[in-house]
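Peer 1: Here you go, one structure.
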Amino acid sequence: MVIYNCNFIPFDTSDETTKRANPELLYAVRKLQDAGSDVIVIPSNTPHLFYNEMASSVSVPVLNIIEETTKAVKGTNVKNAGIVPSHPEVGNLYREFLSKYNIEATTPENYSQITHMIEEFMAGRSIDSAKEFFTGLMDDLDRKTDVTILACTELPLILGNDLNKYRFVDSTQVLAEITVERALTQ
């Protein structure tokens with residue numbers, strides 16, 4: 001197992017009109033391959049906006065957290081899934097994958113507040129406010145949908161044990177299970 005920790009924005013923000021993968025993201029994927037990885041696992045949703053770029057930059061498989069999570073949702077035989085992403089484009093990508101399985105997607109409208117609350121939580125500020133905000137969001141989606149996808153890896157940390165009262169699929173958990181399954185079968 002090789003771990004390469006990256007703490008940066010996964011896209012290049014130098015051009016506001018076009019989002020491109022941050023060159024450091026592609027460098028990290030290649031470094032993992034060069035270190036001997038048989039498979040690459042990226043336990044964050046937002047970098048998967050550039051999945052095709054990452055996968056085409058290496059010759060080893062790159063697991064796709066969004067694809068694996070939507071397969072898990074499909075396995076629950078739901079008709080409508082809520083999505084709580086940190087970024088609207090991640091929500092759109094989940095919507096695209098869910099549509100392949102004829103699953104309707106519901107996303108919150110207040111992305112800027114979602115992003116703000118996640119950033120505040122990650123910075124160690126507004127922890128109680130973030131929990132209160134996301135509890136309200138989950139309550140709303142739980143009433144409207146069959147299941148909610150936690151499409152941001154910080155959400156289980158924010159919500160903690162309060163998650164137990166919701167019908168949800170945790171993208172981090174799905175990816176971890178697929179990764180372990182794959183490791184045990186190789």
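Identifiers for the structure tokens are assigned positionally: chains receive A, B, ... in sequence, residues are indexed from 1 per chain, and ligands are indexed from 1 in the order shown.
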Check chain A with DSSP on the backbone and list each residue it calls strand (DSSP E), as a tab-separated table (two decimals) with N, CA, C and O atoms, in the first residue's frame.

Peer 2:
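File written: part.tsv
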```
chain	number	residue	atom	x	y	z
A	11	PHE	N	-8.53	21.40	-8.72
A	11	PHE	CA	-8.57	21.97	-10.07
A	11	PHE	C	-7.75	23.24	-10.14
A	11	PHE	O	-7.49	23.90	-9.16
A	12	ASP	N	-7.34	23.54	-11.34
A	12	ASP	CA	-6.54	24.73	-11.62
A	12	ASP	C	-7.49	25.93	-11.65
A	12	ASP	O	-8.42	25.97	-12.45
A	20	ARG	N	-9.73	22.98	-15.05
A	20	ARG	CA	-8.83	21.90	-15.47
A	20	ARG	C	-8.25	21.29	-14.21
A	20	ARG	O	-8.17	21.92	-13.16
A	21	ALA	N	-7.82	20.05	-14.35
A	21	ALA	CA	-7.19	19.38	-13.21
A	21	ALA	C	-5.93	20.14	-12.80
A	21	ALA	O	-5.15	20.57	-13.65
A	80	ASN	N	-35.37	7.49	-6.04
A	80	ASN	CA	-34.93	8.88	-5.91
A	80	ASN	C	-33.85	8.96	-4.85
A	80	ASN	O	-34.03	8.46	-3.74
A	81	ALA	N	-32.74	9.58	-5.20
A	81	ALA	CA	-31.63	9.74	-4.26
A	81	ALA	C	-31.32	11.21	-4.07
A	81	ALA	O	-31.22	11.96	-5.04
A	82	GLY	N	-31.17	11.61	-2.83
A	82	GLY	CA	-30.67	12.95	-2.53
A	82	GLY	C	-29.15	12.92	-2.62
A	82	GLY	O	-28.53	11.89	-2.41
A	83	ILE	N	-28.58	14.05	-2.97
A	83	ILE	CA	-27.12	14.15	-3.08
A	83	ILE	C	-26.67	15.37	-2.28
A	83	ILE	O	-27.19	16.46	-2.49
A	84	VAL	N	-25.72	15.18	-1.38
A	84	VAL	CA	-25.14	16.31	-0.64
A	84	VAL	C	-23.66	16.39	-1.01
A	84	VAL	O	-22.82	15.74	-0.39
A	85	PRO	N	-23.35	17.17	-2.04
A	85	PRO	CA	-21.95	17.34	-2.45
A	85	PRO	C	-21.39	18.65	-1.91
A	85	PRO	O	-22.13	19.55	-1.52
A	104	GLU	N	-33.76	9.05	-10.05
A	104	GLU	CA	-33.90	10.51	-10.02
A	104	GLU	C	-33.02	11.08	-8.92
A	104	GLU	O	-32.87	10.49	-7.86
A	105	ALA	N	-32.43	12.22	-9.19
A	105	ALA	CA	-31.53	12.85	-8.22
A	105	ALA	C	-32.11	14.16	-7.72
A	105	ALA	O	-32.67	14.94	-8.49
A	106	THR	N	-31.99	14.38	-6.43
A	106	THR	CA	-32.41	15.62	-5.79
A	106	THR	C	-31.19	16.23	-5.12
A	106	THR	O	-30.53	15.57	-4.32
A	147	VAL	N	-33.15	7.73	-0.32
A	147	VAL	CA	-31.83	7.62	0.29
A	147	VAL	C	-31.05	8.89	-0.04
A	147	VAL	O	-31.34	9.55	-1.04
A	148	THR	N	-30.08	9.23	0.80
A	148	THR	CA	-29.24	10.40	0.54
A	148	THR	C	-27.79	9.95	0.41
A	148	THR	O	-27.29	9.19	1.23
A	149	ILE	N	-27.15	10.42	-0.65
A	149	ILE	CA	-25.73	10.13	-0.87
A	149	ILE	C	-24.91	11.21	-0.18
A	149	ILE	O	-25.08	12.40	-0.45
A	150	LEU	N	-24.01	10.78	0.69
A	150	LEU	CA	-23.06	11.70	1.30
A	150	LEU	C	-21.90	11.83	0.32
A	150	LEU	O	-20.99	11.00	0.29
A	151	ALA	N	-21.97	12.82	-0.54
A	151	ALA	CA	-21.02	13.00	-1.63
A	151	ALA	C	-19.92	13.99	-1.25
A	151	ALA	O	-19.39	14.71	-2.09
A	168	PHE	N	-28.98	6.60	4.22
A	168	PHE	CA	-27.91	7.24	3.48
A	168	PHE	C	-26.93	6.21	2.94
A	168	PHE	O	-26.87	5.07	3.41
A	169	VAL	N	-26.19	6.64	1.94
A	169	VAL	CA	-25.04	5.89	1.42
A	169	VAL	C	-23.85	6.84	1.53
A	169	VAL	O	-23.88	7.94	1.00
A	170	ASP	N	-22.83	6.39	2.24
A	170	ASP	CA	-21.63	7.18	2.48
A	170	ASP	C	-20.59	6.84	1.42
A	170	ASP	O	-20.10	5.72	1.36
```

Peer 1: Which residues come within 9 Å of Ile158 in chain A, counting only C-alpha atoms, excluding same-chain residues fewer than 4 positions away, as a ChimeraX atom specification?

Peer 2: /A:118,121,127-128,130-131,134,154

Peer 1: Store the residues picked out above in a file with N, CA and C atoms, as a PDB file, in the first residue's frame.

Peer 2:
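Dumped everything to selection.pdb:
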```pdb
ATOM      1  N   ILE A 118     -18.812  23.472   5.125  1.00  0.00           N
ATOM      2  CA  ILE A 118     -17.768  22.441   5.096  1.00  0.00           C
ATOM      3  C   ILE A 118     -16.406  23.081   5.340  1.00  0.00           C
ATOM      4  N   PHE A 121     -16.060  23.993   8.980  1.00  0.00           N
ATOM      5  CA  PHE A 121     -15.835  22.793   9.787  1.00  0.00           C
ATOM      6  C   PHE A 121     -14.383  22.335   9.650  1.00  0.00           C
ATOM      7  N   ILE A 127     -18.296  24.532  14.223  1.00  0.00           N
ATOM      8  CA  ILE A 127     -18.567  23.093  14.238  1.00  0.00           C
ATOM      9  C   ILE A 127     -20.022  22.819  14.579  1.00  0.00           C
ATOM     10  N   ASP A 128     -20.538  23.463  15.612  1.00  0.00           N
ATOM     11  CA  ASP A 128     -21.942  23.261  15.980  1.00  0.00           C
ATOM     12  C   ASP A 128     -22.887  23.784  14.907  1.00  0.00           C
ATOM     13  N   ALA A 130     -22.260  23.959  11.694  1.00  0.00           N
ATOM     14  CA  ALA A 130     -22.199  23.031  10.561  1.00  0.00           C
ATOM     15  C   ALA A 130     -23.060  21.805  10.839  1.00  0.00           C
ATOM     16  N   LYS A 131     -22.975  21.279  12.039  1.00  0.00           N
ATOM     17  CA  LYS A 131     -23.779  20.102  12.386  1.00  0.00           C
ATOM     18  C   LYS A 131     -25.263  20.429  12.309  1.00  0.00           C
ATOM     19  N   PHE A 134     -26.276  20.817   8.513  1.00  0.00           N
ATOM     20  CA  PHE A 134     -26.361  19.559   7.769  1.00  0.00           C
ATOM     21  C   PHE A 134     -27.434  18.631   8.325  1.00  0.00           C
ATOM     22  N   GLU A 154     -16.310  14.788   4.248  1.00  0.00           N
ATOM     23  CA  GLU A 154     -16.354  15.389   5.591  1.00  0.00           C
ATOM     24  C   GLU A 154     -17.707  15.206   6.287  1.00  0.00           C
TER      25      GLU A 154
END
```

Peer 1: Could you pull the residues within 7 Å of range 93-103 of chain A, counting only C-alpha atoms, minus those fewer than 3 positions along the same chain, as an mmCIF file with C-alpha atoms, in the first residue's frame?

Peer 2:
```
data_model
loop_
_atom_site.group_PDB
_atom_site.id
_atom_site.type_symbol
_atom_site.label_atom_id
_atom_site.label_comp_id
_atom_site.auth_asym_id
_atom_site.auth_seq_id
_atom_site.Cartn_x
_atom_site.Cartn_y
_atom_site.Cartn_z
ATOM 1 C CA ILE A 66 -18.801 8.387 -7.796
ATOM 2 C CA GLU A 67 -19.297 5.341 -9.990
ATOM 3 C CA THR A 70 -23.970 5.085 -7.546
ATOM 4 C CA LYS A 74 -28.575 1.088 -7.454
ATOM 5 C CA VAL A 78 -34.375 3.206 -4.865
ATOM 6 C CA LYS A 79 -36.212 5.526 -7.247
ATOM 7 C CA ASN A 80 -34.933 8.877 -5.912
ATOM 8 C CA ALA A 81 -31.631 9.740 -4.259
ATOM 9 C CA GLU A 89 -20.358 20.044 -10.340
ATOM 10 C CA VAL A 90 -19.902 16.977 -8.137
#
```

Peer 1: Which residues come within 6 Å of Val62 in chain A, counting only C-alpha atoms, excluding same-chain residues fewer than 4 positions away, as an mmCIF file with N, CA and C atoms, in the first residue's frame?

Peer 2:
```cif
data_model
loop_
_atom_site.group_PDB
_atom_site.id
_atom_site.type_symbol
_atom_site.label_atom_id
_atom_site.label_comp_id
_atom_site.auth_asym_id
_atom_site.auth_seq_id
_atom_site.Cartn_x
_atom_site.Cartn_y
_atom_site.Cartn_z
ATOM 1 N N VAL A 39 -3.540 -0.380 -8.051
ATOM 2 C CA VAL A 39 -4.793 0.347 -8.244
ATOM 3 C C VAL A 39 -4.651 1.664 -7.484
ATOM 4 N N ILE A 40 -5.322 2.692 -7.983
ATOM 5 C CA ILE A 40 -5.251 4.003 -7.327
ATOM 6 C C ILE A 40 -6.620 4.326 -6.774
ATOM 7 N N ALA A 55 -7.348 8.980 -14.870
ATOM 8 C CA ALA A 55 -7.279 7.596 -15.343
ATOM 9 C C ALA A 55 -6.439 7.474 -16.613
#
```

Peer 1: For the atom pair CA of Gln33 in chain A and CA of Ile65 in chain A, what is the interatomic distance in Å to one decimal place?

Peer 2: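 Those two atoms sit 18.2 Å apart.
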
Peer 1: Report, in Å with one decimal, the straight-line distance from CA of Gln186 in chain A to CA of Ala72 in chain A.

Peer 2: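 The value is 21.3 Å.
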
Peer 1: Mind checking which residues fall within 7 Å of range 110-114 of chain A, counting only C-alpha atoms, ignoring those fewer than 4 positions away in the same chain, and posting them as a PyMOL selection string?

Peer 2: chain A and resi 86-88+118

Peer 1: Output N, CA, C and O atoms for every residue in the selection just made, as a short mmCIF file (atom, residue, chain, number, x, y, z; two decimals), in the first residue's frame.

Peer 2:
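So out.cif came out as:
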```
data_model
loop_
_atom_site.label_atom_id
_atom_site.label_comp_id
_atom_site.auth_asym_id
_atom_site.auth_seq_id
_atom_site.Cartn_x
_atom_site.Cartn_y
_atom_site.Cartn_z
N SER A 86 -20.07 18.75 -1.94
CA SER A 86 -19.43 20.01 -1.52
C SER A 86 -19.38 21.00 -2.67
O SER A 86 -19.12 22.17 -2.45
N HIS A 87 -19.62 20.53 -3.87
CA HIS A 87 -19.47 21.36 -5.05
C HIS A 87 -20.59 21.03 -6.03
O HIS A 87 -20.89 19.86 -6.24
N PRO A 88 -21.22 22.02 -6.66
CA PRO A 88 -22.34 21.73 -7.56
C PRO A 88 -21.97 20.81 -8.72
O PRO A 88 -22.78 19.98 -9.14
N ILE A 118 -18.81 23.47 5.13
CA ILE A 118 -17.77 22.44 5.10
C ILE A 118 -16.41 23.08 5.34
O ILE A 118 -15.60 22.57 6.13
#
```

Peer 1: When you draw a straight line from CA of Phe50 in chain A to CA of Leu32 in chain A, how long is it in Å?

Peer 2: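 Going from CA of Phe50 in chain A over to CA of Leu32 in chain A covers 16.5 Å.
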
Peer 1: Give the answer as one residue: which of A:Asn77, A:Asn161, A:Ser171, A:Thr145 has the shortest atom-to-atom distance to Thr107 in chain A, using only C-alpha atoms?

Peer 2: A:Thr145

Peer 1: Going by DSSP on the backbone, which residues of range 13-72 of chain A come out as helix (DSSP H, G or I)? List them as a PyMOL selection string.

Peer 2: chain A and resi 23-34+46-56+65-72

Peer 1: Write the residues of the selection above to a file with N, CA, C and O atoms, as a CSV table (one decimal), in the first residue's frame.

Peer 2:
```
chain,number,residue,atom,x,y,z
A,23,PRO,N,-2.3,20.4,-12.0
A,23,PRO,CA,-1.2,19.6,-12.4
A,23,PRO,C,-0.7,18.7,-11.3
A,23,PRO,O,-0.2,17.6,-11.5
A,24,GLU,N,-0.8,19.2,-10.0
A,24,GLU,CA,-0.3,18.4,-8.9
A,24,GLU,C,-1.1,17.2,-8.7
A,24,GLU,O,-0.6,16.1,-8.2
A,25,LEU,N,-2.4,17.2,-9.0
A,25,LEU,CA,-3.3,16.1,-8.9
A,25,LEU,C,-2.8,15.0,-9.9
A,25,LEU,O,-2.7,13.8,-9.5
A,26,LEU,N,-2.5,15.3,-11.1
A,26,LEU,CA,-2.1,14.4,-12.1
A,26,LEU,C,-0.7,13.9,-11.7
A,26,LEU,O,-0.4,12.7,-11.9
A,27,TYR,N,0.1,14.7,-11.2
A,27,TYR,CA,1.5,14.3,-10.7
A,27,TYR,C,1.3,13.3,-9.6
A,27,TYR,O,2.1,12.3,-9.6
A,28,ALA,N,0.4,13.5,-8.7
A,28,ALA,CA,0.2,12.6,-7.6
A,28,ALA,C,-0.2,11.2,-8.1
A,28,ALA,O,0.3,10.2,-7.6
A,29,VAL,N,-1.1,11.2,-9.0
A,29,VAL,CA,-1.6,9.9,-9.6
A,29,VAL,C,-0.4,9.1,-10.2
A,29,VAL,O,-0.3,7.9,-10.0
A,30,ARG,N,0.4,9.9,-11.0
A,30,ARG,CA,1.5,9.2,-11.6
A,30,ARG,C,2.6,8.7,-10.6
A,30,ARG,O,3.2,7.7,-10.8
A,31,LYS,N,2.8,9.5,-9.5
A,31,LYS,CA,3.7,9.1,-8.5
A,31,LYS,C,3.2,7.8,-7.8
A,31,LYS,O,4.0,6.9,-7.5
A,32,LEU,N,1.9,7.7,-7.6
A,32,LEU,CA,1.4,6.4,-7.0
A,32,LEU,C,1.6,5.2,-7.9
A,32,LEU,O,2.0,4.2,-7.5
A,33,GLN,N,1.4,5.4,-9.2
A,33,GLN,CA,1.7,4.4,-10.2
A,33,GLN,C,3.2,4.0,-10.1
A,33,GLN,O,3.6,2.9,-10.1
A,34,ASP,N,4.1,5.1,-10.2
A,34,ASP,CA,5.5,4.8,-10.2
A,34,ASP,C,6.0,4.1,-8.9
A,34,ASP,O,7.0,3.5,-8.9
A,46,THR,N,-14.5,15.5,-5.0
A,46,THR,CA,-14.2,16.6,-5.9
A,46,THR,C,-13.1,16.3,-7.0
A,46,THR,O,-13.3,16.6,-8.1
A,47,PRO,N,-12.0,15.6,-6.6
A,47,PRO,CA,-11.1,15.3,-7.7
A,47,PRO,C,-11.6,14.4,-8.8
A,47,PRO,O,-11.1,14.4,-9.9
A,48,HIS,N,-12.7,13.7,-8.5
A,48,HIS,CA,-13.3,12.9,-9.5
A,48,HIS,C,-14.0,13.7,-10.7
A,48,HIS,O,-14.4,13.1,-11.7
A,49,LEU,N,-14.1,15.0,-10.5
A,49,LEU,CA,-14.5,15.8,-11.6
A,49,LEU,C,-13.5,15.6,-12.8
A,49,LEU,O,-13.8,15.8,-13.9
A,50,PHE,N,-12.3,15.2,-12.4
A,50,PHE,CA,-11.2,15.0,-13.4
A,50,PHE,C,-10.8,13.5,-13.5
A,50,PHE,O,-9.7,13.2,-13.8
A,51,TYR,N,-11.7,12.7,-13.2
A,51,TYR,CA,-11.5,11.2,-13.3
A,51,TYR,C,-10.8,10.8,-14.6
A,51,TYR,O,-9.9,10.1,-14.6
A,52,ASN,N,-11.4,11.2,-15.7
A,52,ASN,CA,-10.9,10.8,-17.0
A,52,ASN,C,-9.5,11.3,-17.2
A,52,ASN,O,-8.7,10.5,-17.8
A,53,GLU,N,-9.2,12.5,-16.8
A,53,GLU,CA,-7.8,12.9,-16.9
A,53,GLU,C,-6.8,12.1,-16.1
A,53,GLU,O,-5.7,11.8,-16.5
A,54,MET,N,-7.3,11.8,-14.8
A,54,MET,CA,-6.4,11.0,-13.9
A,54,MET,C,-6.2,9.6,-14.5
A,54,MET,O,-5.1,9.1,-14.5
A,55,ALA,N,-7.3,9.0,-14.9
A,55,ALA,CA,-7.3,7.6,-15.3
A,55,ALA,C,-6.4,7.5,-16.6
A,55,ALA,O,-5.7,6.5,-16.8
A,56,SER,N,-6.5,8.5,-17.5
A,56,SER,CA,-5.8,8.4,-18.7
A,56,SER,C,-4.3,8.7,-18.6
A,56,SER,O,-3.5,8.5,-19.4
A,65,ILE,N,-14.9,6.9,-7.1
A,65,ILE,CA,-15.8,7.0,-5.9
A,65,ILE,C,-17.2,7.3,-6.3
A,65,ILE,O,-18.2,6.7,-5.7
A,66,ILE,N,-17.4,8.0,-7.4
A,66,ILE,CA,-18.8,8.4,-7.8
A,66,ILE,C,-19.5,7.2,-8.5
A,66,ILE,O,-20.6,6.9,-8.2
A,67,GLU,N,-18.7,6.5,-9.3
A,67,GLU,CA,-19.3,5.3,-10.0
A,67,GLU,C,-19.6,4.2,-9.0
A,67,GLU,O,-20.7,3.6,-9.0
A,68,GLU,N,-18.7,4.0,-8.1
A,68,GLU,CA,-18.9,2.9,-7.1
A,68,GLU,C,-20.1,3.3,-6.1
A,68,GLU,O,-20.8,2.4,-5.8
A,69,THR,N,-20.2,4.5,-5.8
A,69,THR,CA,-21.3,4.9,-4.9
A,69,THR,C,-22.6,4.8,-5.6
A,69,THR,O,-23.6,4.3,-5.0
A,70,THR,N,-22.7,5.2,-6.8
A,70,THR,CA,-24.0,5.1,-7.5
A,70,THR,C,-24.3,3.6,-7.8
A,70,THR,O,-25.5,3.3,-7.7
A,71,LYS,N,-23.3,2.7,-8.0
A,71,LYS,CA,-23.6,1.3,-8.0
A,71,LYS,C,-24.2,0.8,-6.7
A,71,LYS,O,-25.2,0.0,-6.7
A,72,ALA,N,-23.7,1.3,-5.6
A,72,ALA,CA,-24.2,0.9,-4.3
A,72,ALA,C,-25.7,1.4,-4.1
A,72,ALA,O,-26.5,0.7,-3.6
```
